[in-house]
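Trainee: entry.csv is reproduced below (CSV, C-alpha atoms).
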```
chain,number,residue,atom,x,y,z
A,1077,MET,CA,-7.6,-25.2,-131.4
A,1078,GLN,CA,-10.9,-23.3,-131.7
A,1079,ILE,CA,-12.2,-21.5,-134.8
A,1080,ALA,CA,-14.9,-18.8,-134.5
A,1081,ALA,CA,-16.3,-17.5,-137.8
A,1082,ARG,CA,-17.5,-13.9,-138.4
A,1083,HIS,CA,-18.9,-12.6,-141.6
A,1084,LEU,CA,-18.3,-9.1,-142.9
A,1085,ASP,CA,-20.0,-8.4,-146.3
A,1086,LYS,CA,-18.4,-11.0,-148.6
A,1087,ILE,CA,-15.5,-11.7,-146.3
A,1088,THR,CA,-15.3,-14.6,-143.8
A,1089,ILE,CA,-13.0,-14.0,-140.8
A,1090,PHE,CA,-11.8,-17.0,-138.8
A,1091,ASP,CA,-10.6,-16.1,-135.3
A,1092,ILE,CA,-8.3,-19.0,-134.4
A,1093,SER,CA,-7.0,-19.8,-131.0
A,1094,GLY,CA,-4.8,-22.5,-129.5
A,1095,ASP,CA,-2.4,-24.9,-131.2
A,1096,ILE,CA,-2.6,-25.9,-134.9
A,1097,ASP,CA,-1.0,-29.4,-135.0
A,1098,LEU,CA,-1.6,-32.9,-136.2
A,1099,ALA,CA,-4.6,-33.3,-134.0
A,1100,THR,CA,-6.3,-30.0,-135.0
A,1101,SER,CA,-5.1,-29.0,-138.5
A,1102,PRO,CA,-7.7,-31.2,-140.3
A,1103,GLU,CA,-10.4,-29.0,-138.9
A,1104,LEU,CA,-8.7,-25.9,-140.2
A,1105,ARG,CA,-8.2,-27.5,-143.6
A,1106,LYS,CA,-11.8,-28.5,-143.8
A,1107,ALA,CA,-13.0,-25.0,-142.8
A,1108,LEU,CA,-10.9,-23.4,-145.4
A,1109,LEU,CA,-11.8,-25.7,-148.2
A,1110,ARG,CA,-15.5,-25.3,-147.4
A,1111,GLU,CA,-15.3,-21.5,-147.6
A,1112,PHE,CA,-13.4,-21.6,-151.0
A,1113,ARG,CA,-14.7,-24.6,-152.8
A,1114,ASP,CA,-18.3,-24.9,-151.5
A,1115,LEU,CA,-19.2,-21.4,-150.6
A,1116,LYS,CA,-17.0,-19.6,-153.1
A,1117,ILE,CA,-16.2,-16.9,-150.5
A,1118,PRO,CA,-14.1,-14.2,-152.3
A,1119,ARG,CA,-11.9,-13.5,-149.2
A,1120,VAL,CA,-11.1,-15.5,-146.1
A,1121,VAL,CA,-9.2,-13.8,-143.4
A,1122,LEU,CA,-7.4,-15.8,-140.7
A,1123,ASN,CA,-6.9,-14.0,-137.4
A,1124,LEU,CA,-3.9,-15.8,-135.9
A,1125,GLU,CA,-3.2,-13.5,-132.9
A,1126,ARG,CA,-4.2,-16.2,-130.4
A,1127,VAL,CA,-2.5,-19.1,-132.1
A,1128,ARG,CA,0.3,-20.3,-129.7
A,1129,TYR,CA,1.8,-23.0,-132.0
A,1130,ILE,CA,1.7,-24.2,-135.6
A,1131,ASP,CA,3.5,-27.3,-137.0
A,1132,SER,CA,4.1,-28.6,-140.5
A,1133,SER,CA,0.6,-30.1,-140.7
A,1134,GLY,CA,-0.8,-26.7,-139.9
A,1135,VAL,CA,1.4,-25.1,-142.5
A,1136,ALA,CA,0.2,-27.7,-145.0
A,1137,SER,CA,-3.4,-26.8,-144.2
A,1138,LEU,CA,-2.6,-23.1,-144.9
A,1139,VAL,CA,-0.9,-24.0,-148.2
A,1140,GLU,CA,-3.9,-26.2,-149.2
A,1141,GLY,CA,-6.3,-23.4,-148.4
A,1142,LEU,CA,-4.1,-21.0,-150.4
A,1143,LYS,CA,-4.2,-23.3,-153.4
A,1144,ALA,CA,-7.9,-23.7,-153.1
A,1145,SER,CA,-8.4,-19.9,-152.9
A,1146,ARG,CA,-6.3,-19.5,-156.1
A,1147,ASP,CA,-8.2,-22.2,-157.9
A,1148,VAL,CA,-11.5,-20.2,-157.5
A,1149,GLY,CA,-10.0,-16.7,-157.8
A,1150,SER,CA,-10.4,-15.9,-154.1
A,1151,ARG,CA,-8.0,-14.6,-151.5
A,1152,LEU,CA,-6.6,-16.1,-148.3
A,1153,VAL,CA,-5.4,-13.3,-146.0
A,1154,LEU,CA,-3.5,-13.7,-142.7
A,1155,PHE,CA,-3.0,-11.2,-139.8
A,1156,GLY,CA,-1.8,-11.5,-136.2
A,1157,VAL,CA,1.2,-13.5,-137.4
A,1158,ASN,CA,3.3,-13.7,-134.2
A,1159,SER,CA,7.0,-14.7,-133.9
A,1160,THR,CA,6.2,-18.4,-133.4
A,1161,ILE,CA,4.2,-18.6,-136.6
A,1162,ARG,CA,6.6,-16.3,-138.5
A,1163,GLU,CA,9.6,-18.5,-137.6
A,1164,VAL,CA,7.8,-21.6,-138.8
A,1165,LEU,CA,6.8,-20.0,-142.1
A,1166,GLN,CA,10.3,-18.7,-142.6
A,1167,ILE,CA,11.8,-22.2,-142.0
A,1168,SER,CA,9.3,-23.4,-144.6
A,1169,ARG,CA,10.4,-20.6,-146.9
A,1170,LEU,CA,6.7,-20.0,-147.4
A,1171,LEU,CA,6.4,-16.6,-145.6
A,1172,LYS,CA,6.4,-14.7,-148.9
A,1173,ILE,CA,3.7,-16.7,-150.6
A,1174,PHE,CA,1.0,-15.7,-148.1
A,1175,GLU,CA,-0.8,-12.3,-148.1
A,1176,ILE,CA,0.0,-11.1,-144.6
A,1177,TYR,CA,-1.2,-7.8,-142.9
A,1178,GLU,CA,-0.6,-6.2,-139.6
A,1179,ASN,CA,-4.2,-6.0,-138.4
A,1180,GLU,CA,-7.8,-6.8,-139.2
A,1181,GLU,CA,-8.5,-3.4,-140.6
A,1182,GLN,CA,-5.9,-3.8,-143.3
A,1183,SER,CA,-7.0,-7.4,-143.9
A,1184,VAL,CA,-10.5,-6.5,-144.8
A,1185,ALA,CA,-9.8,-3.3,-146.6
A,1186,PRO,CA,-11.2,-3.1,-150.2
B,1197,MET,CA,29.7,-37.7,-127.4
B,1198,SER,CA,28.9,-39.7,-124.2
B,1199,ARG,CA,25.5,-40.3,-122.8
B,1200,GLY,CA,25.1,-37.8,-119.9
B,1201,SER,CA,22.6,-37.4,-117.2
B,1202,LEU,CA,19.0,-38.4,-117.7
B,1203,LEU,CA,16.7,-35.4,-117.4
B,1204,LEU,CA,13.3,-36.9,-118.4
B,1205,ARG,CA,11.9,-40.1,-119.8
B,1206,MET,CA,8.4,-40.4,-121.2
B,1207,GLU,CA,6.4,-43.4,-122.4
B,1208,LEU,CA,3.7,-42.2,-124.8
B,1209,GLN,CA,1.1,-43.6,-127.0
B,1210,SER,CA,0.8,-42.7,-130.6
B,1211,ASN,CA,-2.0,-40.2,-130.0
B,1212,PRO,CA,-2.0,-36.8,-131.7
B,1213,GLU,CA,-3.9,-35.4,-128.7
B,1214,MET,CA,-0.8,-36.0,-126.5
B,1215,LEU,CA,1.5,-33.9,-128.6
B,1216,CYS,CA,0.6,-30.7,-126.8
B,1217,VAL,CA,1.5,-32.4,-123.5
B,1218,VAL,CA,5.0,-33.2,-124.8
B,1219,ARG,CA,5.4,-29.7,-126.2
B,1220,GLN,CA,4.6,-28.2,-122.9
B,1221,ALA,CA,7.0,-30.4,-120.9
B,1222,LEU,CA,9.8,-30.1,-123.4
B,1223,GLY,CA,9.5,-26.3,-123.7
B,1224,GLN,CA,9.9,-26.0,-119.9
B,1225,LEU,CA,12.8,-28.5,-119.9
B,1226,ALA,CA,14.7,-26.6,-122.6
B,1227,ALA,CA,14.1,-23.3,-120.8
B,1228,ALA,CA,15.3,-24.8,-117.5
B,1229,MET,CA,18.5,-25.9,-119.3
B,1230,GLY,CA,19.2,-22.3,-120.3
B,1231,PHE,CA,18.2,-22.4,-124.0
B,1232,PRO,CA,17.0,-19.0,-125.2
B,1233,GLU,CA,13.3,-18.7,-126.1
B,1234,PRO,CA,13.8,-19.1,-129.9
B,1235,GLU,CA,16.0,-22.2,-129.3
B,1236,CYS,CA,13.3,-23.6,-127.0
B,1237,ARG,CA,10.8,-23.2,-129.7
B,1238,ALA,CA,13.1,-24.9,-132.2
B,1239,VAL,CA,13.6,-27.9,-130.0
B,1240,VAL,CA,9.9,-28.2,-129.4
B,1241,LEU,CA,9.1,-27.9,-133.1
B,1242,ALA,CA,11.7,-30.6,-134.0
B,1243,VAL,CA,10.4,-33.1,-131.4
B,1244,ASP,CA,6.8,-32.4,-132.3
B,1245,GLU,CA,7.5,-33.0,-136.0
B,1246,ALA,CA,9.4,-36.2,-135.2
B,1247,LEU,CA,6.5,-37.5,-133.1
B,1248,THR,CA,4.1,-36.6,-135.8
B,1249,ASN,CA,6.2,-38.6,-138.3
B,1250,ILE,CA,6.2,-41.6,-136.0
B,1251,ILE,CA,2.4,-41.4,-135.7
B,1252,ARG,CA,1.8,-40.9,-139.4
B,1253,HIS,CA,4.4,-43.0,-141.0
B,1254,ALA,CA,5.8,-45.6,-138.6
B,1255,TYR,CA,2.4,-46.3,-137.1
B,1256,LEU,CA,0.3,-45.4,-140.1
B,1257,GLY,CA,-2.0,-43.2,-138.1
B,1258,ASN,CA,-2.9,-46.0,-135.6
B,1259,THR,CA,-3.3,-44.8,-132.1
B,1260,GLY,CA,-2.3,-46.5,-128.9
B,1261,ARG,CA,1.1,-47.7,-130.1
B,1262,PRO,CA,4.2,-47.2,-127.9
B,1263,ILE,CA,6.6,-44.3,-128.2
B,1264,GLU,CA,9.5,-43.9,-125.8
B,1265,ALA,CA,11.2,-40.5,-125.4
B,1266,SER,CA,14.3,-39.8,-123.3
B,1267,PHE,CA,16.0,-36.5,-122.7
B,1268,HIS,CA,19.6,-36.3,-121.5
B,1269,ARG,CA,22.0,-33.5,-120.7
B,1270,VAL,CA,25.2,-34.4,-122.6
B,1271,GLN,CA,28.4,-32.8,-123.7
B,1272,ALA,CA,28.9,-32.2,-127.5
B,1273,ALA,CA,31.8,-30.6,-129.4
B,1274,ARG,CA,31.4,-27.4,-131.4
B,1275,ASP,CA,34.3,-25.4,-132.8
B,1276,GLY,CA,36.7,-27.5,-130.9
B,1277,ARG,CA,35.0,-26.9,-127.5
B,1278,ARG,CA,32.9,-29.1,-125.3
B,1279,LYS,CA,29.5,-27.6,-124.7
B,1280,ASP,CA,26.3,-28.6,-122.9
B,1281,ALA,CA,23.7,-30.1,-125.1
B,1282,LEU,CA,20.3,-31.6,-125.0
B,1283,GLU,CA,20.1,-35.1,-126.5
B,1284,ILE,CA,16.6,-36.5,-127.3
B,1285,VAL,CA,16.1,-40.1,-128.3
B,1286,LEU,CA,12.7,-41.2,-129.7
B,1287,GLU,CA,12.0,-44.9,-130.2
B,1288,ASP,CA,9.0,-46.6,-131.8
B,1289,ARG,CA,8.1,-50.2,-132.9
B,1290,GLY,CA,6.5,-49.2,-136.1
B,1291,THR,CA,7.4,-50.0,-139.7
B,1292,ALA,CA,11.0,-49.4,-140.7
B,1293,VAL,CA,11.8,-45.9,-141.9
B,1294,ASN,CA,12.4,-45.9,-145.6
B,1295,ARG,CA,15.7,-44.1,-145.9
B,1296,LYS,CA,15.0,-43.2,-149.5
B,1297,LYS,CA,12.2,-40.9,-148.2
B,1298,LEU,CA,14.4,-39.2,-145.7
B,1299,CYS,CA,15.7,-36.7,-148.2
B,1300,GLY,CA,12.7,-34.4,-147.7
B,1301,ARG,CA,11.5,-32.4,-150.8
B,1302,ALA,CA,12.5,-29.3,-152.6
B,1303,LEU,CA,11.0,-26.3,-150.8
B,1304,GLU,CA,10.6,-24.5,-154.0
B,1305,ASP,CA,7.8,-27.0,-154.8
B,1306,VAL,CA,5.0,-25.2,-152.9
B,1307,ARG,CA,2.6,-27.9,-151.9
B,1308,PRO,CA,1.1,-29.2,-148.6
B,1309,GLY,CA,3.1,-31.8,-146.7
B,1310,GLY,CA,6.7,-33.0,-146.7
B,1311,LEU,CA,8.0,-30.3,-144.4
B,1312,GLY,CA,8.4,-32.1,-141.2
B,1313,LEU,CA,11.8,-33.6,-141.8
B,1314,HIS,CA,13.1,-30.3,-143.1
B,1315,PHE,CA,11.9,-28.6,-139.9
B,1316,ILE,CA,13.7,-31.2,-137.8
B,1317,ARG,CA,17.0,-30.7,-139.7
B,1318,GLU,CA,16.7,-26.9,-139.6
B,1319,CYS,CA,16.1,-26.9,-135.8
B,1320,MET,CA,18.6,-29.5,-134.5
B,1321,ASP,CA,22.4,-29.8,-134.7
B,1322,THR,CA,22.4,-33.6,-135.0
B,1323,VAL,CA,19.7,-35.8,-136.6
B,1324,GLU,CA,20.4,-39.6,-136.7
B,1325,PHE,CA,18.1,-42.4,-137.7
B,1326,ASN,CA,18.8,-46.0,-136.7
B,1327,ARG,CA,16.9,-49.3,-136.8
B,1328,ARG,CA,17.7,-51.7,-134.0
B,1329,ASN,CA,16.0,-54.8,-132.7
B,1330,GLY,CA,12.8,-54.0,-134.6
B,1331,ARG,CA,12.7,-50.4,-133.4
B,1332,ASN,CA,13.2,-47.1,-135.1
B,1333,GLN,CA,15.4,-44.8,-133.2
B,1334,LEU,CA,15.8,-41.1,-133.8
B,1335,ARG,CA,18.5,-39.3,-132.0
B,1336,LEU,CA,18.4,-35.5,-131.9
B,1337,VAL,CA,21.0,-33.1,-130.3
B,1338,LYS,CA,20.7,-29.4,-129.7
B,1339,ILE,CA,23.9,-27.7,-128.5
B,1340,LEU,CA,23.5,-25.0,-125.8
B,1341,ASP,CA,25.5,-22.1,-127.1
B,1342,VAL,CA,24.9,-19.8,-124.2
B,1343,HIS,CA,26.1,-20.2,-120.6
B,1344,GLY,CA,23.3,-22.1,-118.9
B,1345,PRO,CA,22.2,-21.9,-115.3
B,1346,GLU,CA,24.6,-23.0,-112.6
B,1347,LYS,CA,22.2,-25.7,-111.4
B,1348,GLY,CA,20.0,-27.0,-114.2
B,1349,PRO,CA,17.5,-29.8,-113.9
```
As a first step, turn the structure in this file into structure tokens.
Mentor:
Amino acid sequence: MQIAARHLDKITIFDISGDIDLATSPELRKALLREFRDLKIPRVVLNLERVRYIDSSGVASLVEGLKASRDVGSRLVLFGVNSTIREVLQISRLLKIFEIYENEEQSVAP
Amino acid sequence: MSRGSLLLRMELQSNPEMLCVVRQALGQLAAAMGFPEPECRAVVLAVDEALTNIIRHAYLGNTGRPIEASFHRVQAARDGRRKDALEIVLEDRGTAVNRKKLCGRALEDVRPGGLGLHFIRECMDTVEFNRRNGRNQLRLVKILDVHGPEKGP
């Protein structure tokens, strides 16, 4: 998994690629918690278009990031949710708790 | 169900970095057996979660411990008919599985963790845990509901 960060006004966009699994999910968790807890970024957008796989540890990292965002009044936004990710979130029954958009333009809209 | 033909056997170490290798091989194996793409993804997810549980819980995160995985083509009954199926057996020598913890958790409780076993049960037709000769054994079966290729692996 690779995470590349972009900054757009007060929004951080993480372009994520590869697999989010037991080996890599701690890095995603750490990156999300840093943005919300340390930097108090109002909105973090995850571009998941190039994510090939996500497991339960990856979902757990997303949930932890979501909780951290709510704790500080920020937003965690996802886009590029492909069928693989969507299936896993559906099995988790967590699809509806995330703020998901079709594309980046919608994700960063005011 | 009788043990059918061996398709693949893997001897792994409890290293999270190796999970992607298993996923790749298993995805191709399931596809070659004739499983549709969503079913291939389900099998891969279940086995990945099972291996993750072995690494995290049976081996307490320690790397370099042995895991054996075998994959057989078997016959399994569904709706009174015999069907081709993929049987996966994972064995480890870690601490015994606490059966009280095998119930998973309520999904309404939105929090990180505790989803792996739920994923496995959702994705597979049979999930059986056993402890034999100091080993944990997990047996998973996925029934092939579509007509597979004439000559599979």
Trainee: Leaving out Leu1282 of chain B and any residue of its chain fewer than 2 positions from it, which residues lie within 6 Å of it when counting all atoms listed in the file, given as a ChimeraX atom specification?
Mentor: /B:1268-1269,1337-1338
Trainee: Please find the residues of chain A near chain B - the criterion being any atom within 6 Å, counting only C-alpha atoms - and write them as a list of chain:residue names.
Mentor: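 Only these qualify: A:Leu1098, A:Ala1099, A:Ser1132, A:Ala1136, A:Val1139, A:Glu1140.
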Trainee: What does the structure give for the distance between atom CA of Asn1123 of chain A and atom CA of Thr1100 of chain A, in Å to one decimal?
Mentor: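 Rounded to one decimal, the two atoms are 16.2 Å apart.
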Trainee: Which one of B:Thr1259, B:Asn1294, B:Gln1209, B:Thr1322 sits closest to Arg1274 of chain B if you count only C-alpha atoms?
Mentor: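 Residue with the minimum atom-to-atom distance to Arg1274 of chain B: B:Thr1322.
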Trainee: To one decimal place, how far is atom CA of Ala1228 of chain B from atom CA of Gln1166 of chain A in Å?
Mentor: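 So the two atoms, atom CA of Ala1228 of chain B and atom CA of Gln1166 of chain A, lie 26.3 Å apart.
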Trainee: Quick one: distance from atom CA of Arg1126 of chain A to atom CA of Ala1081 of chain A in Å, one decimal?
Mentor: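 Spanning atom CA of Arg1126 of chain A to atom CA of Ala1081 of chain A is a straight-line distance of 14.2 Å.
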Trainee: What lies within 9 Å of Glu1264 of chain B using only C-alpha atoms, ignoring chain neighbours under 3 positions off, as a list in words?
Mentor: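 The neighbour list is Arg1205, Met1206, Glu1207, Leu1208, Gln1209, Val1285, Leu1286, Glu1287 and Asp1288 of chain B.
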Trainee: Hey, can you spit out that residue selection with C-alpha atoms as a short mmCIF file (atom, residue, chain, number, x, y, z; two decimals), in the coordinates of the input?
Mentor:
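Dumped to selection-v1.cif:
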```cif
data_model
loop_
_atom_site.label_atom_id
_atom_site.label_comp_id
_atom_site.auth_asym_id
_atom_site.auth_seq_id
_atom_site.Cartn_x
_atom_site.Cartn_y
_atom_site.Cartn_z
CA ARG B 1205 11.90 -40.10 -119.80
CA MET B 1206 8.40 -40.40 -121.20
CA GLU B 1207 6.40 -43.40 -122.40
CA LEU B 1208 3.70 -42.20 -124.80
CA GLN B 1209 1.10 -43.60 -127.00
CA VAL B 1285 16.10 -40.10 -128.30
CA LEU B 1286 12.70 -41.20 -129.70
CA GLU B 1287 12.00 -44.90 -130.20
CA ASP B 1288 9.00 -46.60 -131.80
#
```
Trainee: A:Arg1146, A:Arg1151, A:Lys1116, A:Arg1128: which is nearest Ser1183 of chain A, counting only C-alpha atoms?
Mentor: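 Using only C-alpha atoms, the shortest distance to Ser1183 of chain A belongs to A:Arg1151.
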Trainee: Quick one: residues within 12 Å of Lys1106 of chain A, only C-alpha atoms counted, chain neighbours fewer than 6 positions away excluded, as a tab-separated table (two decimals) with C-alpha atoms, keeping the file's coordinate frame?
Mentor:
```tsv
chain	number	residue	atom	x	y	z
A	1079	ILE	CA	-12.20	-21.50	-134.80
A	1100	THR	CA	-6.30	-30.00	-135.00
A	1112	PHE	CA	-13.40	-21.60	-151.00
A	1113	ARG	CA	-14.70	-24.60	-152.80
A	1114	ASP	CA	-18.30	-24.90	-151.50
A	1134	GLY	CA	-0.80	-26.70	-139.90
A	1137	SER	CA	-3.40	-26.80	-144.20
A	1138	LEU	CA	-2.60	-23.10	-144.90
A	1140	GLU	CA	-3.90	-26.20	-149.20
A	1141	GLY	CA	-6.30	-23.40	-148.40
A	1144	ALA	CA	-7.90	-23.70	-153.10
```
Trainee: Quick one: everything within 10 Å of Leu1202 of chain B, counting all atoms listed in the file, minus sequence neighbours fewer than 4 positions away in the same chain. Send it as a PyMOL selection string.
Mentor: chain B and resi 1266-1270+1283+1349
Trainee: Since we have the selection now, will you write its residues out, keeping C-alpha atoms, as a CSV table (one decimal), keeping the file's coordinate frame?
Mentor:
```csv
chain,number,residue,atom,x,y,z
B,1266,SER,CA,14.3,-39.8,-123.3
B,1267,PHE,CA,16.0,-36.5,-122.7
B,1268,HIS,CA,19.6,-36.3,-121.5
B,1269,ARG,CA,22.0,-33.5,-120.7
B,1270,VAL,CA,25.2,-34.4,-122.6
B,1283,GLU,CA,20.1,-35.1,-126.5
B,1349,PRO,CA,17.5,-29.8,-113.9
```
Trainee: Between A:Ser1168, A:Ile1089, A:Ala1107, A:Asp1131, which residue has the minimum interatomic distance to Val1153 of chain A, considering all atoms listed in the file?
Mentor: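 Under the stated criterion, the closest residue is A:Ile1089.
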Trainee: As a PyMOL selection string, please: the residues near Ala1292 of chain B (cut-off 8 Å, only C-alpha atoms, same-chain neighbours under 4 positions excluded).
Mentor: chain B and resi 1254+1327+1330-1332
Trainee: Go through B:Arg1261, B:Val1218, B:Pro1232, B:Leu1340 and flag the residue nearest Arg1277 of chain B, using all atoms listed in the file for the distances.
Mentor: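 Nearest candidate to Arg1277 of chain B out of B:Arg1261, B:Val1218, B:Pro1232, B:Leu1340: B:Leu1340.
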